[in-house]
>>> print(open('upload.cif').read())   # mmCIF, C-alpha atoms and all ligand atoms
data_target
loop_
_atom_site.label_atom_id
_atom_site.label_comp_id
_atom_site.auth_asym_id
_atom_site.auth_seq_id
_atom_site.Cartn_x
_atom_site.Cartn_y
_atom_site.Cartn_z
CA MET A 1 -86.76 -37.45 -41.52
CA SER A 2 -85.81 -40.76 -43.09
CA ILE A 3 -82.24 -41.78 -43.69
CA ILE A 4 -81.76 -44.44 -46.37
CA ALA A 5 -78.56 -46.23 -47.39
CA CYS A 6 -77.85 -48.06 -50.61
CA VAL A 7 -75.16 -50.77 -50.53
CA ASP A 8 -73.73 -52.05 -53.80
CA LEU A 9 -70.88 -54.59 -53.94
CA ASP A 10 -68.03 -53.54 -56.24
CA TYR A 11 -67.48 -55.36 -59.59
CA PHE A 12 -69.21 -58.18 -57.83
CA TYR A 13 -68.70 -61.42 -59.82
CA ALA A 14 -65.14 -60.46 -60.69
CA GLN A 15 -64.37 -59.52 -57.10
CA CYS A 16 -65.59 -62.94 -55.92
CA GLU A 17 -63.15 -64.54 -58.36
CA GLU A 18 -60.33 -62.36 -57.03
CA ILE A 19 -61.12 -63.39 -53.48
CA LEU A 20 -61.04 -67.03 -54.49
CA ASN A 21 -57.73 -66.54 -56.28
CA PRO A 22 -55.96 -63.36 -55.06
CA SER A 23 -53.05 -63.82 -57.46
CA ILE A 24 -55.19 -62.54 -60.37
CA LYS A 25 -56.02 -59.28 -58.58
CA ASP A 26 -53.57 -57.00 -60.35
CA LYS A 27 -54.55 -58.19 -63.83
CA PRO A 28 -57.70 -57.60 -65.89
CA VAL A 29 -60.38 -60.10 -64.79
CA VAL A 30 -63.39 -60.74 -67.02
CA VAL A 31 -66.28 -62.96 -65.90
CA CYS A 32 -67.95 -64.57 -68.89
CA ILE A 33 -71.32 -66.18 -69.56
CA TYR A 34 -70.56 -68.64 -72.37
CA SER A 35 -73.51 -69.32 -74.63
CA GLY A 36 -72.20 -72.73 -75.71
CA ARG A 37 -72.22 -71.57 -79.31
CA GLY A 38 -68.62 -71.56 -80.54
CA LYS A 39 -65.58 -71.41 -78.30
CA GLU A 40 -65.96 -67.74 -77.53
CA GLY A 41 -69.70 -67.23 -77.97
CA GLY A 42 -71.29 -65.36 -75.09
CA ALA A 43 -71.24 -62.11 -73.17
CA VAL A 44 -69.29 -60.45 -70.40
CA ALA A 45 -71.16 -60.48 -67.07
CA THR A 46 -68.76 -58.05 -65.46
CA ALA A 47 -65.07 -57.14 -65.23
CA ASN A 48 -62.75 -55.73 -62.60
CA TYR A 49 -61.77 -52.07 -62.75
CA ILE A 50 -58.42 -52.84 -64.39
CA ALA A 51 -60.22 -54.50 -67.31
CA ARG A 52 -62.69 -51.59 -67.45
CA LYS A 53 -59.81 -49.24 -68.22
CA TYR A 54 -59.49 -51.11 -71.52
CA GLY A 55 -63.17 -50.59 -72.27
CA VAL A 56 -64.43 -53.98 -71.10
CA LYS A 57 -67.89 -53.83 -69.48
CA SER A 58 -71.03 -55.84 -68.74
CA GLY A 59 -72.96 -57.04 -71.77
CA ILE A 60 -70.31 -56.82 -74.49
CA PRO A 61 -69.42 -59.98 -76.47
CA ILE A 62 -66.57 -62.07 -75.03
CA LYS A 63 -64.89 -61.80 -78.43
CA THR A 64 -64.85 -58.00 -78.19
CA ALA A 65 -63.38 -58.18 -74.68
CA LYS A 66 -60.64 -60.56 -75.86
CA ASN A 67 -59.84 -58.14 -78.60
CA LEU A 68 -59.65 -55.15 -76.24
CA LEU A 69 -57.27 -57.11 -73.99
CA LYS A 70 -55.27 -58.88 -76.67
CA ASP A 71 -51.99 -57.16 -75.77
CA VAL A 72 -52.08 -57.81 -72.03
CA GLU A 73 -52.20 -60.78 -69.72
CA ALA A 74 -55.84 -61.10 -68.66
CA TYR A 75 -58.10 -63.66 -67.03
CA PHE A 76 -61.33 -64.80 -68.67
CA ILE A 77 -63.31 -66.82 -66.16
CA PRO A 78 -66.61 -68.64 -66.75
CA ALA A 79 -69.29 -67.41 -64.33
CA ASN A 80 -69.78 -69.55 -61.24
CA LEU A 81 -73.18 -68.29 -60.12
CA ASP A 82 -73.42 -70.62 -57.11
CA LEU A 83 -70.25 -69.11 -55.72
CA TYR A 84 -71.51 -65.53 -56.15
CA GLU A 85 -74.83 -66.48 -54.59
CA LYS A 86 -73.02 -67.85 -51.57
CA PHE A 87 -70.86 -64.72 -51.14
CA SER A 88 -73.96 -62.60 -51.60
CA GLN A 89 -75.87 -64.41 -48.86
CA GLU A 90 -73.00 -64.15 -46.42
CA VAL A 91 -72.46 -60.46 -47.05
CA MET A 92 -76.20 -59.67 -46.96
CA ASN A 93 -76.43 -61.39 -43.58
CA ILE A 94 -73.94 -58.82 -42.29
CA VAL A 95 -75.65 -55.89 -44.05
CA LYS A 96 -79.01 -56.84 -42.55
CA LYS A 97 -77.74 -56.39 -39.03
CA TYR A 98 -77.15 -52.69 -39.65
CA ALA A 99 -80.67 -51.88 -40.84
CA ASP A 100 -84.01 -51.10 -39.21
CA VAL A 101 -85.54 -52.34 -42.45
CA PHE A 102 -83.58 -54.30 -45.04
CA GLU A 103 -84.50 -54.76 -48.71
CA GLN A 104 -82.30 -56.77 -51.06
CA VAL A 105 -82.95 -55.73 -54.66
CA SER A 106 -80.39 -57.84 -56.51
CA VAL A 107 -77.57 -60.29 -55.92
CA ASP A 108 -75.22 -57.45 -54.97
CA GLU A 109 -77.43 -54.57 -53.91
CA ALA A 110 -79.63 -53.64 -50.97
CA TYR A 111 -81.42 -50.68 -49.43
CA LEU A 112 -81.38 -50.06 -45.71
CA ASP A 113 -83.65 -47.81 -43.72
CA ILE A 114 -81.33 -46.59 -40.95
CA THR A 115 -83.51 -43.76 -39.63
CA LYS A 116 -83.85 -45.21 -36.14
CA GLN A 117 -80.32 -46.58 -35.85
CA SER A 118 -78.91 -43.18 -36.72
CA ASN A 119 -81.50 -41.14 -34.86
CA SER A 120 -82.00 -39.20 -38.13
CA ASP A 121 -78.43 -37.91 -37.78
CA TYR A 122 -76.32 -38.09 -40.96
CA LYS A 123 -73.03 -38.10 -39.04
CA LYS A 124 -74.18 -41.09 -37.06
CA ALA A 125 -75.46 -42.75 -40.24
CA LEU A 126 -72.04 -42.36 -41.82
CA GLU A 127 -70.35 -43.92 -38.79
CA ILE A 128 -72.71 -46.90 -38.82
CA MET A 129 -72.20 -47.53 -42.52
CA LEU A 130 -68.41 -47.24 -42.16
CA ARG A 131 -68.57 -49.89 -39.47
CA MET A 132 -70.61 -52.12 -41.76
CA LYS A 133 -68.13 -51.68 -44.63
CA GLU A 134 -65.33 -52.55 -42.24
CA GLU A 135 -67.04 -55.71 -41.00
CA ILE A 136 -67.72 -56.89 -44.57
CA PHE A 137 -64.10 -56.29 -45.48
CA GLN A 138 -62.73 -57.90 -42.32
CA LYS A 139 -64.82 -61.04 -42.76
CA HIS A 140 -64.80 -61.50 -46.53
CA LYS A 141 -62.12 -59.16 -47.95
CA LEU A 142 -64.88 -57.79 -50.12
CA THR A 143 -65.37 -54.10 -50.88
CA CYS A 144 -68.63 -52.31 -51.47
CA THR A 145 -69.84 -48.77 -52.02
CA VAL A 146 -72.42 -47.10 -49.83
CA GLY A 147 -74.60 -44.09 -50.52
CA ILE A 148 -76.62 -42.34 -47.84
CA GLY A 149 -79.47 -39.89 -48.35
CA PRO A 150 -83.05 -38.92 -47.53
CA SER A 151 -84.58 -41.24 -50.18
CA LYS A 152 -83.81 -44.42 -52.10
CA VAL A 153 -83.09 -42.43 -55.26
CA ILE A 154 -80.63 -40.07 -53.58
CA ALA A 155 -78.95 -43.01 -51.80
CA LYS A 156 -78.54 -44.79 -55.13
CA ILE A 157 -77.16 -41.66 -56.82
CA ALA A 158 -74.71 -41.22 -53.92
CA THR A 159 -73.51 -44.82 -54.39
CA ASP A 160 -72.92 -44.32 -58.10
CA LEU A 161 -70.85 -41.20 -57.36
CA LYS A 162 -68.30 -43.04 -55.24
CA LYS A 163 -67.74 -46.45 -56.87
CA PRO A 164 -65.65 -48.45 -56.14
CA ASN A 165 -64.96 -48.88 -52.42
CA GLY A 166 -66.41 -45.52 -51.48
CA ILE A 167 -68.99 -43.94 -49.25
CA GLU A 168 -70.99 -40.79 -49.88
CA VAL A 169 -73.51 -38.84 -47.87
CA ILE A 170 -75.98 -36.47 -49.51
CA THR A 171 -78.10 -34.61 -46.97
CA PRO A 172 -81.30 -32.86 -48.15
CA GLU A 173 -79.47 -29.52 -47.98
CA GLU A 174 -76.70 -30.83 -50.24
CA ILE A 175 -79.02 -32.01 -53.03
CA PRO A 176 -78.81 -28.77 -55.06
CA LEU A 177 -75.02 -28.84 -54.92
CA LYS A 178 -74.34 -32.55 -55.38
CA VAL A 179 -77.31 -33.86 -57.37
CA TRP A 180 -78.72 -31.12 -59.58
CA PRO A 181 -75.57 -30.65 -61.72
CA LEU A 182 -75.56 -34.37 -62.66
CA SER A 183 -76.68 -35.54 -66.08
CA VAL A 184 -80.35 -36.62 -66.16
CA ASP A 185 -79.47 -40.25 -66.77
CA SER A 186 -77.90 -40.39 -63.30
CA LEU A 187 -81.48 -40.47 -62.03
CA PRO A 188 -82.60 -44.12 -61.64
CA GLY A 189 -85.30 -44.78 -64.23
CA ILE A 190 -83.90 -42.47 -66.88
CA GLY A 191 -82.23 -44.50 -69.63
CA PRO A 192 -80.80 -43.47 -73.01
CA ARG A 193 -84.25 -43.01 -74.60
CA SER A 194 -85.69 -40.76 -71.91
CA LYS A 195 -82.41 -38.88 -71.84
CA LYS A 196 -82.78 -38.08 -75.55
CA ARG A 197 -86.37 -36.94 -75.15
CA LEU A 198 -85.43 -34.72 -72.21
CA GLU A 199 -82.52 -33.23 -74.12
CA ASN A 200 -84.93 -32.33 -76.91
CA ILE A 201 -86.75 -30.00 -74.52
CA GLY A 202 -83.52 -28.57 -73.12
CA VAL A 203 -83.34 -30.72 -69.99
CA LYS A 204 -79.77 -31.91 -69.57
CA THR A 205 -79.18 -32.02 -65.82
CA ILE A 206 -81.29 -33.25 -62.95
CA GLY A 207 -81.67 -29.64 -61.84
CA ASP A 208 -83.08 -28.76 -65.27
CA ILE A 209 -86.01 -31.10 -64.56
CA LEU A 210 -87.17 -28.73 -61.85
CA ASN A 211 -86.97 -25.70 -64.12
CA ALA A 212 -88.73 -27.40 -67.03
CA ASP A 213 -92.34 -26.72 -67.91
CA PHE A 214 -94.19 -29.45 -66.01
CA MET A 215 -96.98 -29.71 -68.58
CA LYS A 216 -94.39 -30.28 -71.26
CA LEU A 217 -92.93 -33.15 -69.24
CA VAL A 218 -96.44 -34.56 -68.79
CA SER A 219 -97.09 -34.38 -72.53
CA ILE A 220 -94.02 -36.57 -73.12
CA PHE A 221 -93.89 -38.94 -70.14
CA GLY A 222 -97.38 -38.83 -68.65
CA LYS A 223 -98.32 -37.47 -65.25
CA LYS A 224 -97.13 -40.36 -63.10
CA ILE A 225 -93.58 -40.52 -64.45
CA SER A 226 -93.22 -36.74 -64.61
CA THR A 227 -94.27 -36.45 -60.99
CA TYR A 228 -91.70 -39.11 -60.09
CA PHE A 229 -88.94 -37.16 -61.91
CA VAL A 230 -89.78 -33.96 -60.09
CA LEU A 231 -90.04 -35.52 -56.65
CA ALA A 232 -87.00 -37.79 -57.13
CA ALA A 233 -84.85 -34.85 -58.21
CA GLN A 234 -85.57 -33.24 -54.84
CA GLY A 235 -85.10 -36.40 -52.78
CA LYS A 236 -88.80 -36.33 -52.01
CA GLU A 237 -90.15 -39.47 -53.63
CA THR A 238 -91.43 -41.61 -50.83
CA GLU A 239 -90.82 -45.18 -51.91
CA GLN A 240 -90.26 -47.14 -48.72
CA VAL A 241 -87.59 -49.72 -48.03
CA LYS A 242 -89.61 -52.94 -48.11
CA GLU A 243 -88.46 -55.75 -45.86
CA THR A 244 -87.10 -58.73 -47.81
CA TYR A 245 -88.32 -61.94 -46.33
CA GLU A 246 -85.90 -64.73 -45.75
CA VAL A 247 -85.20 -67.34 -48.38
CA LYS A 248 -87.92 -69.92 -48.33
CA GLN A 249 -85.68 -72.93 -48.88
CA PHE A 250 -82.19 -74.25 -48.37
CA SER A 251 -80.42 -76.88 -50.42
CA ARG A 252 -77.17 -78.76 -50.62
CA MET A 253 -75.75 -80.59 -53.61
CA VAL A 254 -72.83 -82.95 -54.18
CA THR A 255 -71.23 -84.51 -57.26
CA LEU A 256 -70.69 -88.25 -56.80
CA LYS A 257 -67.17 -89.54 -57.25
CA ASN A 258 -68.41 -92.16 -59.70
CA ASN A 259 -71.74 -92.29 -61.46
CA THR A 260 -73.77 -95.03 -59.82
CA LEU A 261 -77.22 -96.42 -59.01
CA GLN A 262 -76.09 -98.50 -56.00
CA PHE A 263 -77.84 -97.52 -52.77
CA ASN A 264 -74.76 -98.48 -50.72
CA GLU A 265 -72.61 -96.13 -52.72
CA ILE A 266 -75.07 -93.25 -52.63
CA LYS A 267 -76.02 -93.59 -48.97
CA PRO A 268 -72.90 -91.88 -47.53
CA TYR A 269 -73.57 -88.85 -49.73
CA LEU A 270 -77.13 -88.61 -48.48
CA GLU A 271 -75.86 -88.84 -44.91
CA GLN A 272 -73.38 -86.07 -45.59
CA LEU A 273 -76.03 -83.85 -47.22
CA SER A 274 -78.41 -84.48 -44.29
CA LYS A 275 -75.70 -83.36 -41.93
CA GLU A 276 -74.92 -80.22 -43.93
CA LEU A 277 -78.58 -79.32 -44.40
CA SER A 278 -79.19 -79.77 -40.69
CA GLU A 279 -76.28 -77.46 -39.91
CA THR A 280 -77.58 -74.85 -42.35
CA LEU A 281 -81.09 -74.98 -40.88
CA LYS A 282 -79.79 -74.73 -37.34
CA SER A 283 -77.38 -71.90 -37.99
CA ASN A 284 -80.18 -69.93 -39.68
CA ASN A 285 -82.68 -70.72 -36.93
CA TYR A 286 -85.06 -72.76 -39.07
CA PHE A 287 -87.07 -75.93 -39.00
CA ALA A 288 -88.31 -77.49 -42.23
CA LYS A 289 -91.48 -79.40 -42.94
CA GLY A 290 -90.66 -80.32 -46.54
CA ILE A 291 -87.72 -82.43 -47.64
CA SER A 292 -86.87 -83.13 -51.25
CA VAL A 293 -84.24 -85.39 -52.77
CA MET A 294 -83.07 -84.65 -56.28
CA ALA A 295 -80.70 -86.56 -58.56
CA VAL A 296 -78.93 -85.25 -61.63
CA LEU A 297 -78.49 -88.24 -63.95
CA ASP A 298 -75.53 -88.99 -66.18
CA ASP A 299 -77.41 -87.49 -69.14
CA LEU A 300 -78.04 -84.36 -67.00
CA ASN A 301 -81.74 -85.04 -66.73
CA ILE A 302 -83.15 -84.45 -63.28
CA ILE A 303 -85.50 -86.53 -61.16
CA SER A 304 -86.78 -85.64 -57.72
CA LYS A 305 -89.19 -86.64 -55.01
CA SER A 306 -90.47 -84.71 -52.02
CA LYS A 307 -92.30 -85.39 -48.81
CA LEU A 308 -93.75 -83.37 -45.96
CA ALA A 309 -92.75 -84.43 -42.46
CA ASP A 310 -95.46 -84.73 -39.78
CA LYS A 311 -93.73 -82.05 -37.76
CA PRO A 312 -91.02 -79.42 -38.41
CA ILE A 313 -87.56 -80.98 -38.27
CA ASN A 314 -83.95 -79.84 -38.39
CA SER A 315 -81.83 -82.65 -36.95
CA GLU A 316 -79.56 -84.71 -39.16
CA LYS A 317 -81.32 -87.89 -38.05
CA ASP A 318 -84.85 -86.64 -38.77
CA ILE A 319 -83.83 -85.28 -42.16
CA TYR A 320 -82.16 -88.54 -43.14
CA LYS A 321 -85.18 -90.53 -42.00
CA ILE A 322 -87.45 -88.66 -44.40
CA ALA A 323 -84.86 -88.56 -47.20
CA GLU A 324 -83.83 -92.24 -47.31
CA PRO A 325 -87.14 -93.65 -48.63
CA LEU A 326 -87.23 -90.82 -51.19
CA LEU A 327 -83.77 -91.82 -52.38
CA LEU A 328 -84.71 -95.51 -52.57
CA ASP A 329 -87.73 -94.62 -54.64
CA LEU A 330 -85.65 -92.47 -57.02
CA ILE A 331 -83.11 -95.27 -57.46
CA LYS A 332 -85.92 -97.70 -58.26
CA ARG A 333 -87.42 -95.56 -60.99
CA SER A 334 -84.28 -93.98 -62.41
CA PRO A 335 -83.48 -95.01 -65.99
CA ARG A 336 -79.84 -93.96 -65.63
CA MET A 337 -76.99 -93.63 -63.17
CA PHE A 338 -76.81 -90.75 -60.68
CA ARG A 339 -74.19 -88.12 -61.26
CA ARG A 340 -75.15 -85.60 -58.58
CA LEU A 341 -77.33 -85.69 -55.52
CA ALA A 342 -79.12 -82.79 -53.88
CA LEU A 343 -81.17 -82.39 -50.74
CA ARG A 344 -83.55 -79.49 -50.22
CA ALA A 345 -85.48 -78.24 -47.22
CA TYR A 346 -88.64 -76.17 -47.84
CA ASP A 347 -91.79 -75.07 -46.00
CA LEU A 348 -89.53 -73.45 -43.45
CA ILE A 349 -90.50 -72.22 -40.02
CA SER A 350 -88.28 -69.80 -38.17
CA TYR A 351 -87.84 -70.49 -34.50
CA GLU A 352 -87.29 -66.93 -33.40
CA GLY A 353 -90.45 -67.43 -31.35
CA ILE A 354 -89.61 -70.82 -29.95
CA GLU A 355 -92.78 -70.84 -27.87
CA SER A 356 -95.07 -70.93 -30.84
CA LEU A 357 -93.12 -73.95 -31.96
CA GLU A 358 -94.09 -75.98 -28.95
CA ARG A 359 -97.39 -76.74 -30.51
CA PHE A 360 -95.52 -78.58 -33.24
CA VAL A 361 -93.06 -80.63 -31.19
P1 LIG B 1 -69.96 -52.07 -60.05
O1 LIG B 1 -71.16 -52.15 -59.17
O2 LIG B 1 -70.08 -51.04 -61.11
O3 LIG B 1 -68.66 -52.00 -59.30
O4 LIG B 1 -69.87 -53.46 -60.87
P2 LIG B 1 -70.80 -54.74 -60.80
O5 LIG B 1 -70.17 -55.79 -61.64
O6 LIG B 1 -71.05 -55.13 -59.38
O7 LIG B 1 -72.10 -54.22 -61.53
P3 LIG B 1 -73.62 -54.30 -61.08
O8 LIG B 1 -73.78 -53.90 -59.66
O9 LIG B 1 -74.39 -53.52 -62.09
O10 LIG B 1 -74.03 -55.82 -61.27
C1 LIG B 1 -73.83 -56.80 -60.28
C2 LIG B 1 -73.53 -58.13 -60.92
O11 LIG B 1 -74.58 -58.51 -61.81
C3 LIG B 1 -72.26 -58.14 -61.77
O12 LIG B 1 -71.08 -58.39 -61.01
C4 LIG B 1 -72.54 -59.20 -62.78
C5 LIG B 1 -74.05 -59.16 -62.97
N1 LIG B 1 -74.36 -58.41 -64.20
C6 LIG B 1 -74.42 -57.06 -64.34
N2 LIG B 1 -74.69 -56.72 -65.60
C7 LIG B 1 -74.80 -57.88 -66.30
C8 LIG B 1 -75.05 -58.21 -67.68
O13 LIG B 1 -75.23 -57.34 -68.55
N3 LIG B 1 -75.09 -59.55 -68.01
C9 LIG B 1 -74.91 -60.54 -67.06
N4 LIG B 1 -74.97 -61.82 -67.43
N5 LIG B 1 -74.65 -60.27 -65.77
C10 LIG B 1 -74.59 -58.96 -65.39
CA CA B 2 -72.16 -53.77 -57.98
CA CA B 3 -75.74 -53.70 -58.41
#
>>> encode(input="upload.cif", output="structure tokens")
Amino acid sequence: MSIIACVDLDYFYAQCEEILNPSIKDKPVVVCIYSGRGKEGGAVATANYIARKYGVKSGIPIKTAKNLLKDVEAYFIPANLDLYEKFSQEVMNIVKKYADVFEQVSVDEAYLDITKQSNSDYKKALEIMLRMKEEIFQKHKLTCTVGIGPSKVIAKIATDLKKPNGIEVITPEEIPLKVWPLSVDSLPGIGPRSKKRLENIGVKTIGDILNADFMKLVSIFGKKISTYFVLAAQGKETEQVKETYEVKQFSRMVTLKNNTLQFNEIKPYLEQLSKELSETLKSNNYFAKGISVMAVLDDLNIISKSKLADKPINSEKDIYKIAEPLLLDLIKRSPRMFRRLALRAYDLISYEGIESLERFV
């Protein structure tokens, strides 16, 4: 019997901001995506649980959130997606270690097949996931919620039951008790519209799905979706955890102190980026064949040039050697001064199997 875990990081963007600046932690924190139209145009990406008590949630206009929080001291922070991406990668690298099979489904969410690790034992599975939660918290001071069950759907439902900073196990035997009383829209895939249609035929809870007339469901949702509802409600849908393959590229970017087009001034930045990129490749066990240099100009236009090395590389020296002529070429054809410089490695080769690499080096 499979055991699947779902890991979801709590109020993710807002929690990253709290980690960066712990002094805001006991106040409402709202992470905003500004549209650029008007001072307060845009939407809320997410908010911490204190702000949620005031009704602030993902997707509402920033203006509405400001209104809800007008009588309290609150923090409105523009989203820093690079920062969240970086936290996400670091946390997911920990999560991965605890899985037989690991599938990342969004920036803050992953499914783990832990059947082998736990020997199909739910008590063991719980212990393993508690250890993982602990390691994530120890290393990053970041909390997450974990759900464990016999299928992806049940694992996800378990996670939603215990947010934030919780853990929940639902064994197959516990499904009637813990899952069937829940409202139908707790089942992943059932949104407000399907909920309405189900209510119209008297189906309010997940358990009601199993008592409903199957042909009636089919007449509304079709056979495929109806079958999914019925299997999912019993923890019997068989969607596998699909291994997520590693990122196919790494990059590093820097903002120049002064905008410039002078090679001598830009060179130290390229050296620094080569060093950082080399470190990233090495610490992730990768060689790269492709190197690309990109410049963001002072009008925010972007120019770039790439080249494939003759063999996979990952040393600072080799990276710089490929990158320097690319930079010189960009400087030559750039109409404007450089504002930022980025270096990217692609066409990556993992050196887990170092032997197979010998034919390259
Ligand atoms: P949670 O899981 O309920 O504790 O809270 P979050 O914020 O982690 O919610 P989740 O897992 O649905 O989404 C993960 C991140 O994705 C969230 O921190 C920000 C982003 N996100 C979610 N919904 C929206 C949205 O409607 N708009 C934008 N721009 N970003 C969103
Ligand atoms: Ca989340
Ligand atoms: Ca999520």
>>> atom_distance(input="upload.cif", atom1="atom CA of Gly59 of chain A", atom2="atom N4 of ligand LIG 1 (chain B)")
6.8 Å
>>> residues_near_ligand(input="upload.cif", ligand="ligand LIG 1 (chain B)", cutoff="7 Å", atoms="all atoms listed in the file", output="mmCIF file with C-alpha atoms, in the coordinates of the input")
data_model
loop_
_atom_site.group_PDB
_atom_site.id
_atom_site.type_symbol
_atom_site.label_atom_id
_atom_site.label_comp_id
_atom_site.auth_asym_id
_atom_site.auth_seq_id
_atom_site.Cartn_x
_atom_site.Cartn_y
_atom_site.Cartn_z
ATOM 1 C CA ASP A 8 -73.730 -52.050 -53.800
ATOM 2 C CA LEU A 9 -70.880 -54.590 -53.940
ATOM 3 C CA ASP A 10 -68.030 -53.540 -56.240
ATOM 4 C CA TYR A 11 -67.480 -55.360 -59.590
ATOM 5 C CA PHE A 12 -69.210 -58.180 -57.830
ATOM 6 C CA TYR A 13 -68.700 -61.420 -59.820
ATOM 7 C CA ALA A 14 -65.140 -60.460 -60.690
ATOM 8 C CA ILE A 33 -71.320 -66.180 -69.560
ATOM 9 C CA ALA A 43 -71.240 -62.110 -73.170
ATOM 10 C CA VAL A 44 -69.290 -60.450 -70.400
ATOM 11 C CA ALA A 45 -71.160 -60.480 -67.070
ATOM 12 C CA THR A 46 -68.760 -58.050 -65.460
ATOM 13 C CA ALA A 47 -65.070 -57.140 -65.230
ATOM 14 C CA SER A 58 -71.030 -55.840 -68.740
ATOM 15 C CA GLY A 59 -72.960 -57.040 -71.770
ATOM 16 C CA VAL A 107 -77.570 -60.290 -55.920
ATOM 17 C CA ASP A 108 -75.220 -57.450 -54.970
ATOM 18 C CA GLU A 109 -77.430 -54.570 -53.910
ATOM 19 C CA LYS A 163 -67.740 -46.450 -56.870
ATOM 20 C CA PRO A 164 -65.650 -48.450 -56.140
#
>>> atom_distance(input="upload.cif", atom1="atom CA of Asn80 of chain A", atom2="atom CA of Ala110 of chain A")
21.3 Å
>>> atom_distance(input="upload.cif", atom1="atom CA of Gly189 of chain A", atom2="atom CA of Ala233 of chain A")
11.6 Å
>>> residues_around(input="upload.cif", residues="Lys86 of chain A", least_positions_apart="2", cutoff="12 Å", atoms="only C-alpha atoms", output="JSON, numbers by chain")
{"A": [13, 16, 80, 81, 82, 83, 84, 88, 89, 90, 91, 92, 93, 107, 108, 140, 250, 251, 252]}
>>> closest_residue(input="upload.cif", among="A:Leu182, A:Ala342, A:Leu328, A:Cys6", to="ligand CA 3 (chain B)", atoms="all atoms listed in the file")
A:Cys6
